[in-house]
>>> print(open('model_34.txt').read())   # compact mmCIF, C-alpha atoms
# COMPACT_ATOMS: atom_id res chain seq x y z
CA MET A 185 72.78 22.48 -101.21
CA PHE A 186 69.64 24.24 -100.03
CA CYS A 187 69.09 27.93 -100.63
CA THR A 188 68.98 29.89 -97.37
CA LYS A 189 66.53 32.31 -98.95
CA CYS A 190 63.89 30.24 -100.73
CA GLY A 191 64.76 26.70 -99.53
CA HIS A 192 65.25 25.32 -103.05
CA LYS A 193 67.59 22.28 -103.34
CA ASN A 194 70.50 22.98 -105.59
CA PRO A 195 73.56 20.89 -106.70
CA ASP A 196 76.39 21.01 -104.19
CA ASP A 197 78.63 22.92 -106.54
CA ALA A 198 75.98 25.49 -107.47
CA ILE A 199 76.96 29.08 -106.91
CA PHE A 200 73.49 30.63 -107.49
CA CYS A 201 70.07 29.25 -106.53
CA ASP A 202 68.14 27.80 -109.46
CA GLY A 203 64.90 28.89 -107.77
CA CYS A 204 65.44 32.51 -106.90
CA GLY A 205 68.93 33.36 -108.21
CA ASN A 206 70.30 34.08 -104.76
CA ARG A 207 74.05 33.60 -104.23
CA LEU A 208 74.51 30.37 -102.30
CA GLU A 209 76.47 30.02 -99.06
CA GLU A 210 77.74 26.84 -97.41
CA GLU A 211 77.75 26.01 -93.74
CA SER A 212 81.19 25.99 -91.97
CA VAL A 213 82.30 23.35 -89.58
CA ASP A 214 81.28 25.45 -86.59
CA GLY A 215 77.86 25.81 -88.04
CA SER A 216 78.25 29.39 -89.30
CA SER A 217 77.53 30.27 -92.87
CA VAL A 218 80.47 30.97 -95.05
CA GLU A 219 80.55 32.04 -98.60
CA SER A 220 81.51 29.15 -100.91
CA GLU A 221 84.92 29.41 -102.37
CA VAL A 222 84.64 29.64 -106.00
CA VAL A 223 87.40 29.54 -108.48
CA GLU A 224 86.31 31.75 -111.30
CA PRO A 225 86.77 29.79 -114.52
CA ALA A 226 87.92 31.38 -117.63
CA VAL A 227 84.35 31.64 -118.78
CA SER A 228 83.24 33.70 -115.79
CA SER A 229 81.59 36.23 -118.16
CA ASN A 230 78.94 33.63 -119.04
CA ALA A 231 78.01 33.25 -115.36
CA SER A 232 77.45 36.99 -115.18
CA ILE A 233 75.12 36.86 -118.15
CA ALA A 234 73.12 34.04 -116.51
CA ASP A 235 72.80 36.11 -113.33
CA LYS A 236 71.38 39.05 -115.26
CA GLY A 237 68.92 36.80 -117.08
CA ALA A 238 67.62 35.42 -113.83
CA LYS A 239 67.01 38.94 -112.48
CA LYS A 240 65.20 39.98 -115.65
CA LYS A 241 62.97 36.96 -115.35
CA LEU A 242 62.17 37.89 -111.75
CA ASP A 243 61.36 41.52 -112.67
CA LYS A 244 59.09 40.42 -115.51
CA ASN A 245 57.19 38.00 -113.28
CA GLY A 246 56.68 40.78 -110.66
CA ARG A 247 55.31 43.20 -113.23
CA ILE A 248 52.87 40.63 -114.54
CA GLY A 249 51.66 40.00 -110.99
CA LEU A 250 51.05 43.68 -110.38
CA VAL A 251 49.10 44.00 -113.62
CA VAL A 252 46.93 41.04 -112.68
CA ILE A 253 46.22 42.46 -109.22
CA PHE A 254 45.32 45.89 -110.65
CA ALA A 255 43.00 44.28 -113.20
CA LEU A 256 41.24 42.29 -110.50
CA VAL A 257 40.75 45.40 -108.37
CA LEU A 258 39.39 47.31 -111.37
CA ILE A 259 36.99 44.53 -112.24
CA GLY A 260 35.82 44.45 -108.63
CA LEU A 261 35.18 48.17 -108.63
CA ILE A 262 33.22 47.90 -111.83
CA LEU A 263 31.20 44.93 -110.63
CA PHE A 264 30.39 46.30 -107.18
CA LYS A 265 30.04 50.03 -107.95
CA LYS A 266 26.47 51.30 -107.47
CA PRO A 267 24.96 52.82 -110.64
CA SER A 268 24.48 56.59 -110.44
CA TYR A 269 21.83 58.74 -112.18
CA THR A 270 21.09 62.48 -112.40
CA PHE A 271 17.40 63.32 -111.99
CA ASN A 272 17.71 66.45 -114.16
CA HIS A 273 17.85 64.14 -117.21
CA TYR A 274 14.36 62.90 -116.43
CA PHE A 275 12.76 66.21 -115.36
CA ASP A 276 11.12 68.46 -117.95
CA ILE A 277 10.23 72.12 -117.13
CA SER A 278 8.70 74.81 -119.33
CA VAL A 279 7.03 78.25 -119.08
CA ASN A 280 3.78 78.91 -120.94
CA GLY A 281 1.19 81.67 -121.13
CA PHE A 282 1.52 85.39 -121.78
CA ASP A 283 3.99 88.06 -120.70
CA GLY A 284 3.04 88.91 -117.14
CA TYR A 285 0.84 85.83 -116.90
CA GLY A 286 3.32 83.08 -117.57
CA TYR A 287 3.19 79.86 -115.58
CA VAL A 288 5.49 76.90 -114.99
CA THR A 289 4.67 73.34 -115.97
CA THR A 290 6.77 70.33 -115.06
CA HIS A 291 6.75 66.69 -116.12
CA THR A 292 8.74 63.76 -114.83
CA LEU A 293 9.93 61.47 -117.61
CA SER A 294 9.12 58.22 -115.83
CA ASP A 295 9.48 56.07 -118.96
CA GLU A 296 12.99 57.33 -119.70
CA PHE A 297 14.00 57.00 -116.05
CA TYR A 298 12.70 53.44 -115.98
CA ASP A 299 14.46 52.47 -119.21
CA ALA A 300 17.76 53.86 -117.91
CA CYS A 301 17.80 52.05 -114.58
CA LYS A 302 15.45 49.06 -114.87
CA ASP A 303 18.35 46.56 -115.07
CA ARG A 304 20.32 48.15 -112.25
CA ILE A 305 17.61 48.52 -109.57
CA LYS A 306 18.09 46.00 -106.78
CA PRO A 307 15.18 46.57 -104.39
CA SER A 308 15.50 45.58 -100.76
CA PRO A 309 12.50 44.11 -98.90
CA SER A 310 11.52 47.59 -97.75
CA GLY A 311 11.89 48.86 -101.32
CA LYS A 312 9.67 46.09 -102.64
CA LYS A 313 7.05 46.87 -100.02
CA LEU A 314 7.11 50.54 -100.94
CA ALA A 315 6.81 49.78 -104.66
CA SER A 316 3.91 47.38 -104.08
CA GLN A 317 1.66 50.43 -103.63
CA TYR A 318 2.09 51.19 -107.34
CA GLU A 319 1.15 49.35 -110.48
CA GLY A 320 2.91 48.58 -113.73
CA LYS A 321 6.49 47.96 -114.68
CA GLU A 322 7.49 51.48 -113.60
CA ARG A 323 6.37 50.97 -110.02
CA PHE A 324 9.92 51.11 -108.67
CA VAL A 325 10.80 54.47 -110.22
CA LYS A 326 7.35 55.80 -109.26
CA ALA A 327 8.03 54.78 -105.68
CA ILE A 328 11.40 56.55 -105.78
CA ILE A 329 9.98 59.78 -107.26
CA ASP A 330 6.91 59.99 -105.06
CA ASN A 331 8.62 59.19 -101.78
CA TYR A 332 12.21 60.33 -102.04
CA VAL A 333 12.28 63.15 -104.60
CA ASP A 334 10.95 66.60 -103.82
CA PHE A 335 11.45 70.02 -105.39
CA THR A 336 10.35 73.65 -105.06
CA ILE A 337 9.78 76.18 -107.83
CA GLU A 338 9.94 79.95 -107.42
CA PRO A 339 8.08 81.73 -108.89
CA VAL A 340 5.36 79.54 -110.34
CA GLU A 341 2.87 82.02 -111.83
CA GLY A 342 2.64 85.64 -112.93
CA LEU A 343 5.85 85.34 -114.90
CA MET A 344 7.09 87.88 -117.39
CA ASN A 345 9.94 87.99 -119.84
CA GLY A 346 13.21 88.58 -118.00
CA ASP A 347 12.21 86.65 -114.87
CA THR A 348 14.21 83.66 -113.69
CA VAL A 349 12.63 80.43 -112.52
CA VAL A 350 14.60 78.57 -109.84
CA VAL A 351 14.07 74.87 -109.18
CA LYS A 352 15.62 73.40 -106.03
CA PHE A 353 15.69 69.64 -105.54
CA ASP A 354 15.61 67.73 -102.28
CA ILE A 355 16.53 64.06 -102.81
CA ASP A 356 16.87 61.44 -100.08
CA GLU A 357 19.93 59.77 -101.58
CA LYS A 358 20.60 57.45 -98.63
CA SER A 359 17.09 55.96 -98.64
CA ILE A 360 17.13 55.46 -102.40
CA LEU A 361 20.48 53.65 -102.22
CA LYS A 362 19.29 51.52 -99.29
CA ASP A 363 15.89 50.57 -100.74
CA PHE A 364 16.66 50.38 -104.46
CA GLY A 365 20.43 50.02 -104.80
CA ILE A 366 21.05 53.01 -107.06
CA LYS A 367 22.47 56.47 -106.54
CA LEU A 368 20.28 59.42 -107.55
CA LYS A 369 21.25 63.06 -107.41
CA ALA A 370 20.05 66.34 -108.94
CA ASN A 371 21.39 69.80 -109.66
CA ASP A 372 19.37 72.96 -109.02
CA ILE A 373 18.00 74.66 -112.15
CA ARG A 374 17.98 78.37 -113.02
CA MET A 375 15.93 78.98 -116.14
CA PRO A 376 15.43 82.46 -117.68
CA VAL A 377 11.92 83.32 -118.92
CA THR A 378 11.85 84.38 -122.57
CA ASN A 379 9.55 84.48 -125.59
CA LEU A 380 6.27 84.93 -123.71
CA GLN A 381 3.68 86.59 -125.94
CA GLU A 382 2.83 90.21 -125.12
CA VAL A 383 -0.88 91.07 -124.76
CA ASN A 384 -3.10 94.15 -124.48
CA VAL A 385 -3.67 95.10 -120.84
CA ILE A 386 -6.60 96.87 -119.14
CA ASP A 387 -5.79 99.10 -116.14
CA LEU A 388 -8.54 97.90 -113.81
CA PHE A 389 -8.37 100.67 -111.21
CA LYS A 390 -8.67 103.31 -113.92
CA TYR A 391 -12.36 102.39 -114.06
CA VAL A 392 -13.03 101.84 -110.35
CA THR A 393 -13.60 104.31 -107.48
CA PHE A 394 -14.11 103.72 -103.76
CA GLU A 395 -16.07 105.62 -101.12
CA VAL A 396 -16.98 105.07 -97.49
CA ASN A 397 -20.41 105.38 -95.99
CA GLY A 398 -21.97 105.05 -92.57
CA THR A 399 -20.71 105.90 -89.14
CA SER A 400 -17.38 105.12 -87.49
CA PRO A 401 -16.58 102.53 -86.24
CA ASN A 402 -19.18 100.82 -88.41
CA GLY A 403 -18.40 102.37 -91.78
CA THR A 404 -18.48 100.42 -95.02
CA LEU A 405 -16.44 100.67 -98.20
CA GLU A 406 -18.37 100.76 -101.47
CA VAL A 407 -16.96 99.91 -104.91
CA LYS A 408 -18.25 101.79 -107.94
CA VAL A 409 -17.47 100.73 -111.51
CA ASP A 410 -17.38 103.33 -114.27
CA ASP A 411 -19.87 102.86 -117.09
CA ASN A 412 -16.99 102.96 -119.59
CA CYS A 413 -15.18 99.99 -118.06
CA PRO A 414 -14.61 97.35 -120.80
CA ILE A 415 -15.07 94.59 -118.21
CA ASP A 416 -18.52 93.86 -116.77
CA ASP A 417 -19.28 94.85 -113.17
CA TYR A 418 -19.64 91.30 -111.87
CA THR A 419 -16.19 90.33 -113.17
CA VAL A 420 -14.64 93.50 -111.75
CA TYR A 421 -16.03 92.73 -108.29
CA ASP A 422 -14.60 89.23 -108.57
CA LEU A 423 -11.15 90.56 -109.47
CA ILE A 424 -10.83 93.17 -106.72
CA GLN A 425 -9.47 92.19 -103.32
CA ILE A 426 -10.25 94.51 -100.39
CA GLU A 427 -8.49 93.86 -97.10
CA LYS A 428 -11.44 95.17 -95.04
CA GLU A 429 -14.86 96.42 -96.15
CA HIS A 430 -16.89 96.74 -92.94
CA ASN A 431 -16.52 98.08 -89.40
CA LEU A 432 -14.35 100.94 -90.63
CA SER A 433 -13.17 103.97 -88.67
CA ASN A 434 -11.59 107.22 -89.80
CA GLY A 435 -7.86 106.76 -90.21
CA ASP A 436 -8.05 103.07 -91.14
CA GLU A 437 -5.71 102.10 -93.96
CA ILE A 438 -6.98 99.38 -96.27
CA LYS A 439 -4.96 97.47 -98.84
CA ILE A 440 -6.75 97.13 -102.17
CA SER A 441 -5.41 94.99 -104.98
CA MET A 442 -6.38 92.82 -107.88
CA ARG A 443 -6.48 89.17 -106.91
CA PRO A 444 -3.81 86.88 -108.34
CA MET A 445 -5.20 85.73 -111.64
CA GLU A 446 -4.77 82.18 -112.77
CA SER A 447 -2.68 82.11 -115.90
CA TYR A 448 -5.26 80.15 -117.84
CA GLU A 449 -7.71 83.03 -117.26
CA ALA A 450 -5.64 85.37 -119.44
CA GLN A 451 -6.83 83.65 -122.59
CA ASN A 452 -10.45 83.92 -121.42
CA PHE A 453 -10.09 87.66 -120.88
CA LEU A 454 -8.49 88.10 -124.28
CA ASP A 455 -11.41 86.29 -125.87
CA ARG A 456 -14.10 88.16 -123.91
CA PHE A 457 -12.69 91.66 -123.41
CA ASP A 458 -9.82 91.92 -125.89
CA GLY A 459 -7.35 92.51 -123.09
CA VAL A 460 -6.01 91.21 -119.78
CA PRO A 461 -6.73 93.23 -116.60
CA VAL A 462 -3.91 94.50 -114.40
CA GLY A 463 -4.06 96.35 -111.11
CA LYS A 464 -1.28 97.49 -108.80
CA GLU A 465 -1.88 97.21 -105.05
CA PHE A 466 -2.45 100.49 -103.19
CA THR A 467 -3.55 101.73 -99.77
CA TYR A 468 -6.89 103.48 -99.25
CA LYS A 469 -7.22 105.74 -96.20
CA VAL A 470 -10.67 106.03 -94.63
CA GLU A 471 -11.77 109.63 -94.13
CA GLY A 472 -15.02 111.55 -93.76
CA LEU A 473 -16.98 109.02 -91.72
CA GLY A 474 -19.16 110.43 -89.01
CA SER A 475 -18.65 109.15 -85.49
CA TYR A 476 -20.93 109.22 -82.51
CA VAL A 477 -20.23 112.11 -80.20
CA SER A 478 -18.33 110.88 -77.16
CA VAL A 479 -16.74 112.33 -74.06
CA ASP A 480 -13.52 112.61 -76.08
CA THR A 481 -15.15 114.77 -78.75
CA ASP A 482 -14.32 118.45 -78.64
CA LEU A 483 -17.15 120.36 -80.29
CA THR A 484 -16.82 123.93 -81.57
CA ASP A 485 -19.31 126.71 -82.26
CA ALA A 486 -19.40 125.65 -85.92
CA ASN A 487 -20.92 122.34 -84.89
CA PHE A 488 -23.96 124.04 -83.35
CA GLU A 489 -25.06 126.30 -86.17
CA LYS A 490 -28.25 124.40 -86.95
CA ILE A 491 -28.96 123.59 -83.31
CA ASP A 492 -28.75 127.26 -82.31
CA ALA A 493 -31.22 128.13 -85.06
CA GLN A 494 -33.58 125.40 -83.88
CA MET A 495 -33.45 126.63 -80.28
CA LYS A 496 -34.44 130.15 -81.35
CA ASP A 497 -37.37 128.69 -83.29
CA GLU A 498 -38.42 126.63 -80.28
CA MET A 499 -38.33 129.60 -77.91
CA THR A 500 -40.20 131.84 -80.35
CA SER A 501 -42.91 129.23 -80.67
CA MET A 502 -43.11 128.67 -76.91
CA PHE A 503 -43.49 132.36 -76.09
CA ALA A 504 -45.96 132.95 -78.92
CA ASN A 505 -48.32 130.44 -77.37
CA LYS A 506 -48.49 132.25 -74.04
CA ALA A 507 -51.67 134.15 -73.21
CA ASP A 508 -51.84 137.66 -74.63
CA GLY A 509 -48.29 137.36 -75.92
CA ASN A 510 -47.01 138.91 -72.71
CA MET A 511 -43.86 136.84 -72.42
CA SER A 512 -40.73 137.30 -74.52
CA ALA A 513 -37.12 136.22 -74.75
CA ASN A 514 -34.60 139.01 -74.39
CA SER A 515 -31.60 136.75 -75.11
CA ILE A 516 -30.84 133.11 -75.82
CA ASP A 517 -27.23 132.10 -75.15
CA ARG A 518 -25.68 128.68 -75.53
CA ILE A 519 -23.58 127.99 -72.43
CA GLY A 520 -22.23 124.52 -73.17
CA TYR A 521 -23.29 120.92 -73.52
CA TYR A 522 -23.52 117.62 -71.68
CA VAL A 523 -22.31 114.44 -73.41
CA LEU A 524 -23.42 111.04 -72.15
CA THR A 525 -21.77 107.90 -73.57
CA PRO A 526 -23.07 104.46 -72.52
CA LYS A 527 -20.76 102.44 -70.36
CA GLU A 528 -19.56 99.06 -71.60
CA ASN A 529 -22.33 96.46 -71.79
CA VAL A 530 -25.02 99.13 -71.34
CA SER A 531 -27.54 99.04 -74.16
CA ARG A 532 -28.32 102.74 -74.43
CA SER A 533 -27.81 105.42 -77.06
CA PRO A 534 -25.24 108.18 -76.64
CA MET A 535 -26.85 111.57 -76.00
CA ILE A 536 -25.94 115.22 -76.11
CA TYR A 537 -27.73 118.04 -74.29
CA VAL A 538 -27.04 121.46 -75.76
CA VAL A 539 -27.74 123.87 -72.88
CA TYR A 540 -28.98 127.46 -73.17
CA LYS A 541 -29.57 130.34 -70.78
CA VAL A 542 -32.68 132.33 -71.65
CA ASN A 543 -33.39 135.80 -70.28
CA THR A 544 -37.18 136.33 -70.23
CA SER A 545 -39.56 139.18 -69.51
CA VAL A 546 -43.15 138.68 -68.28
CA TRP A 547 -45.83 141.31 -67.82
CA ILE A 548 -49.53 141.14 -66.98
CA GLU A 549 -51.54 144.28 -67.76
CA ASP A 550 -54.60 143.32 -65.75
CA THR A 551 -52.69 142.86 -62.52
CA GLY A 552 -49.75 145.12 -63.18
CA TYR A 553 -47.34 142.21 -62.65
CA SER A 554 -44.00 142.30 -64.42
CA ASP A 555 -40.69 140.53 -64.01
CA THR A 556 -37.47 139.69 -65.80
CA PHE A 557 -35.64 136.47 -64.98
CA ASP A 558 -33.31 133.76 -66.30
CA PHE A 559 -34.10 130.13 -66.83
CA TYR A 560 -32.18 127.22 -68.39
CA THR A 561 -33.26 124.88 -71.15
CA TYR A 562 -31.75 122.44 -73.62
CA LEU A 563 -32.20 120.47 -76.81
CA LYS A 564 -31.46 116.77 -76.40
CA TYR A 565 -30.35 114.53 -79.30
CA ARG A 566 -29.86 110.79 -79.37
CA ASP A 567 -27.05 109.21 -81.44
CA PRO A 568 -25.50 112.53 -82.45
CA ILE A 569 -22.84 112.09 -85.13
CA TYR A 570 -19.68 114.17 -85.25
CA VAL A 571 -17.73 114.69 -88.46
CA ASN A 572 -15.14 117.36 -87.76
CA ALA A 573 -14.71 120.77 -86.22
CA GLU A 574 -15.84 122.60 -89.37
CA THR A 575 -19.00 120.58 -89.98
CA PRO A 576 -22.22 120.75 -87.95
CA ILE A 577 -23.15 117.78 -85.84
CA LYS A 578 -25.25 115.39 -87.88
CA VAL A 579 -28.58 115.30 -86.07
CA ASP A 580 -32.18 115.50 -87.09
CA VAL A 581 -32.91 119.05 -85.88
CA THR A 582 -36.63 118.34 -86.02
CA ASP A 583 -36.07 115.62 -83.44
CA GLY A 584 -34.47 117.72 -80.71
CA GLU A 585 -36.23 117.29 -77.36
CA LEU A 586 -36.96 120.15 -74.97
CA PRO A 587 -37.10 119.53 -71.23
CA ASP A 588 -40.38 119.10 -69.43
CA SER A 589 -42.22 122.27 -68.53
CA ILE A 590 -42.30 123.89 -65.13
CA CYS A 591 -44.96 126.18 -63.75
CA MET A 592 -44.28 129.87 -63.25
CA ASP A 593 -46.41 131.46 -60.50
CA CYS A 594 -46.90 135.14 -61.33
CA TYR A 595 -48.51 136.66 -58.21
CA SER A 596 -49.37 140.32 -57.94
CA GLU A 597 -49.77 141.72 -54.44
CA GLU A 598 -51.56 144.79 -55.78
CA SER A 599 -54.43 142.80 -57.26
CA SER A 600 -54.12 139.70 -55.14
CA ARG A 601 -54.33 137.64 -58.35
CA ARG A 602 -52.23 134.80 -59.59
CA GLU A 603 -51.36 133.96 -63.15
CA TYR A 604 -49.58 130.74 -64.13
CA TYR A 605 -47.22 130.31 -66.99
CA TYR A 606 -45.30 127.23 -68.08
CA ILE A 607 -41.79 127.20 -69.46
CA ASN A 608 -39.68 124.29 -70.77
CA GLY A 609 -36.66 124.33 -68.55
CA GLU A 610 -35.33 124.90 -65.06
CA ARG A 611 -34.81 128.03 -63.01
CA ASP A 612 -31.80 126.42 -61.33
CA LEU A 613 -28.83 125.21 -63.38
CA ASN A 614 -27.75 122.73 -60.71
CA GLU A 615 -31.17 121.13 -60.86
CA MET A 616 -30.79 120.72 -64.60
CA TYR A 617 -27.37 119.09 -64.16
CA ARG A 618 -28.83 116.67 -61.60
CA GLU A 619 -31.67 115.77 -63.93
CA CYS A 620 -29.55 115.29 -67.06
CA VAL A 621 -26.19 114.07 -65.77
CA SER A 622 -25.66 113.08 -62.17
CA SER A 623 -28.80 110.93 -61.98
CA ARG A 624 -27.46 108.77 -64.87
CA MET A 625 -23.83 108.27 -63.95
CA ASP A 626 -24.43 104.60 -63.19
CA GLN A 627 -25.09 103.95 -66.89
CA PHE A 628 -23.16 106.66 -68.71
CA VAL A 629 -19.72 108.19 -68.91
CA THR A 630 -20.38 111.92 -68.77
CA LYS A 631 -18.81 115.18 -69.81
CA SER A 632 -19.98 118.75 -69.17
CA THR A 633 -18.75 121.99 -70.73
CA VAL A 634 -21.56 124.08 -69.18
CA GLN A 635 -20.31 127.16 -67.35
>>> encode(input="model_34.txt", output="structure tokens")
Amino acid sequence: MFCTKCGHKNPDDAIFCDGCGNRLEEESVDGSSVESEVVEPAVSSNASIADKGAKKKLDKNGRIGLVVIFALVLIGLILFKKPSYTFNHYFDISVNGFDGYGYVTTHTLSDEFYDACKDRIKPSPSGKKLASQYEGKERFVKAIIDNYVDFTIEPVEGLMNGDTVVVKFDIDEKSILKDFGIKLKANDIRMPVTNLQEVNVIDLFKYVTFEVNGTSPNGTLEVKVDDNCPIDDYTVYDLIQIEKEHNLSNGDEIKISMRPMESYEAQNFLDRFDGVPVGKEFTYKVEGLGSYVSVDTDLTDANFEKIDAQMKDEMTSMFANKADGNMSANSIDRIGYYVLTPKENVSRSPMIYVVYKVNTSVWIEDTGYSDTFDFYTYLKYRDPIYVNAETPIKVDVTDGELPDSICMDCYSEESSRREYYYINGERDLNEMYRECVSSRMDQFVTKSTVQ
């Protein structure tokens, strides 16, 4: 009889299949399966025991099969799993130097990395090509590190105790796996800075002063080193960083600091000057520079103190040189000024005309002629410099220019005689304005306060 489950041939009188233990059925006349009629013998308990034994044998065989399958899978995983490495194990970082001048050094442990993975690297053709650029047995790990491993360190220098150095890695894991058959990863590092040696410091800006000179917008900043500074002048100049030293104007704000000092320099300073310089950045505001007078400059009476004095001297000298001393100034009054600033691309100097009204008396004893009249004059200055409303204009008062002279015809009808006198100025104020201002408007921007 054949088993309907496993197909095993059994004796015709068999009740259970010898192959699988299945209960056997026999085919009826009409072709349907009917359960074999079995007359349970007196020893039916033995048949039950045999049935249980067959099932136990089946269960044991199944468990063995599962164990074998699991073992094969495990072996496969072990054999085909890609080896994995952590780059941190082959990366050395340390902080050296002095407190405030510490610096980071790093070193890749190529030998250890090579020893760990030399038997597991399986380079692809592209990996071999990349490694061919290097020499020695470590060429594969060198190729990996140089091309697929990158990192940043913050901060690198100027470290002090209590700081924290942060290292962030950037590793191209996919390319490493593709070209060299290994997995490489890395974890970011946070390393506290401790145990840096403290050193004597020298406050650099305690021994340095700054001042501006020249004229806005072309002022310059000058550095002066105190004689008591423990560091020589040349070294001080090398240490100081000035954002802007030339072409300065009043109101400019300049950042001044000590340049970042290389950490290795600290030891040199300790050896040479018994201390390490420090200097905190600060802002220097430019003030006190003179600026050329312009049409935007509002001048006050205080600005003209010296000019007024010069005009009185000029008039006294002019009248003293007249024949017989018969000409005098009754009053000299400043009535304003003209400012002329060169237009763009015009190569001329700015000028200021300080204008005066002079009341004069003339008398001639021989002819009996006498008269009192007004005339207008000025002092002209080139490149006048303005500081502020409380400070006189910076000009060379010995260089003020008077206008050309005009002839005064003093005719007396009583004697029918003429006398001629010359004065430096104009009888008509409009004529003076035309001469000084309106005739030059093509080259200058002008301003007049004359009334």
>>> closest_residue(input="model_34.txt", among="A:Thr348, A:Asn452, A:Asn371, A:Thr582", to="Tyr269 (chain A)", atoms="only C-alpha atoms")
A:Asn371
>>> closest_residue(input="model_34.txt", among="A:Cys594, A:Ile607, A:Val420, A:Met375", to="Thr500 (chain A)", atoms="only C-alpha atoms")
A:Ile607
>>> residues_around(input="model_34.txt", residues="Gly609 (chain A)", least_positions_apart="4", cutoff="6 Å", atoms="all atoms listed in the file", output="CSV table (one decimal) with C-alpha atoms, in the frame of the given file")
chain,number,residue,atom,x,y,z
A,560,TYR,CA,-32.2,127.2,-68.4
A,561,THR,CA,-33.3,124.9,-71.2
A,587,PRO,CA,-37.1,119.5,-71.2
A,589,SER,CA,-42.2,122.3,-68.5
>>> residues_around(input="model_34.txt", residues="Gly474 (chain A)", least_positions_apart="5", cutoff="10 Å", atoms="only C-alpha atoms", output="list of chain:residue names")
A:Asn397, A:Gly398, A:Thr399, A:Ser400, A:Pro401, A:Asn402, A:Gly403, A:Ser433, A:Asn434, A:Pro568, A:Ile569, A:Tyr570, A:Val571, A:Asn572, A:Ile577, A:Lys578
>>> atom_distance(input="model_34.txt", atom1="CA of Lys631 (chain A)", atom2="CA of Phe557 (chain A)")
27.6 Å
>>> atom_distance(input="model_34.txt", atom1="CA of Leu473 (chain A)", atom2="CA of Met625 (chain A)")
28.6 Å
>>> residues_near_point(input="model_34.txt", point="(-10.5, 105.8, -93.5)", cutoff="6 Å", atoms="all atoms listed in the file", output="PDB file with C-alpha atoms, in the frame of the given file")
ATOM      1  CA  SER A 433     -13.170 103.970 -88.670  1.00  0.00           C
ATOM      2  CA  ASN A 434     -11.590 107.220 -89.800  1.00  0.00           C
ATOM      3  CA  GLY A 435      -7.860 106.760 -90.210  1.00  0.00           C
ATOM      4  CA  ASP A 436      -8.050 103.070 -91.140  1.00  0.00           C
ATOM      5  CA  LYS A 469      -7.220 105.740 -96.200  1.00  0.00           C
ATOM      6  CA  VAL A 470     -10.670 106.030 -94.630  1.00  0.00           C
ATOM      7  CA  GLU A 471     -11.770 109.630 -94.130  1.00  0.00           C
TER       8      GLU A 471
END
>>> atom_distance(input="model_34.txt", atom1="CA of Arg602 (chain A)", atom2="CA of Met616 (chain A)")
26.1 Å
>>> residues_near_point(input="model_34.txt", point="(-30.1, 124.6, -88.8)", cutoff="12 Å", atoms="all atoms listed in the file", output="list in words")
Ala486, Asn487, Phe488, Glu489, Lys490, Ile491, Asp492, Ala493, Gln494, Met495, Lys496, Asp497, Thr575, Pro576, Ile577, Lys578, Val579, Asp580, Val581, Thr582 and Gly584 of chain A
>>> write_last_selection(input="model_34.txt", atoms="C-alpha atoms", output="PDB file, in the frame of the given file")
ATOM      1  CA  ALA A 486     -19.400 125.650 -85.920  1.00  0.00           C
ATOM      2  CA  ASN A 487     -20.920 122.340 -84.890  1.00  0.00           C
ATOM      3  CA  PHE A 488     -23.960 124.040 -83.350  1.00  0.00           C
ATOM      4  CA  GLU A 489     -25.060 126.300 -86.170  1.00  0.00           C
ATOM      5  CA  LYS A 490     -28.250 124.400 -86.950  1.00  0.00           C
ATOM      6  CA  ILE A 491     -28.960 123.590 -83.310  1.00  0.00           C
ATOM      7  CA  ASP A 492     -28.750 127.260 -82.310  1.00  0.00           C
ATOM      8  CA  ALA A 493     -31.220 128.130 -85.060  1.00  0.00           C
ATOM      9  CA  GLN A 494     -33.580 125.400 -83.880  1.00  0.00           C
ATOM     10  CA  MET A 495     -33.450 126.630 -80.280  1.00  0.00           C
ATOM     11  CA  LYS A 496     -34.440 130.150 -81.350  1.00  0.00           C
ATOM     12  CA  ASP A 497     -37.370 128.690 -83.290  1.00  0.00           C
ATOM     13  CA  THR A 575     -19.000 120.580 -89.980  1.00  0.00           C
ATOM     14  CA  PRO A 576     -22.220 120.750 -87.950  1.00  0.00           C
ATOM     15  CA  ILE A 577     -23.150 117.780 -85.840  1.00  0.00           C
ATOM     16  CA  LYS A 578     -25.250 115.390 -87.880  1.00  0.00           C
ATOM     17  CA  VAL A 579     -28.580 115.300 -86.070  1.00  0.00           C
ATOM     18  CA  ASP A 580     -32.180 115.500 -87.090  1.00  0.00           C
ATOM     19  CA  VAL A 581     -32.910 119.050 -85.880  1.00  0.00           C
ATOM     20  CA  THR A 582     -36.630 118.340 -86.020  1.00  0.00           C
ATOM     21  CA  GLY A 584     -34.470 117.720 -80.710  1.00  0.00           C
TER      22      GLY A 584
END
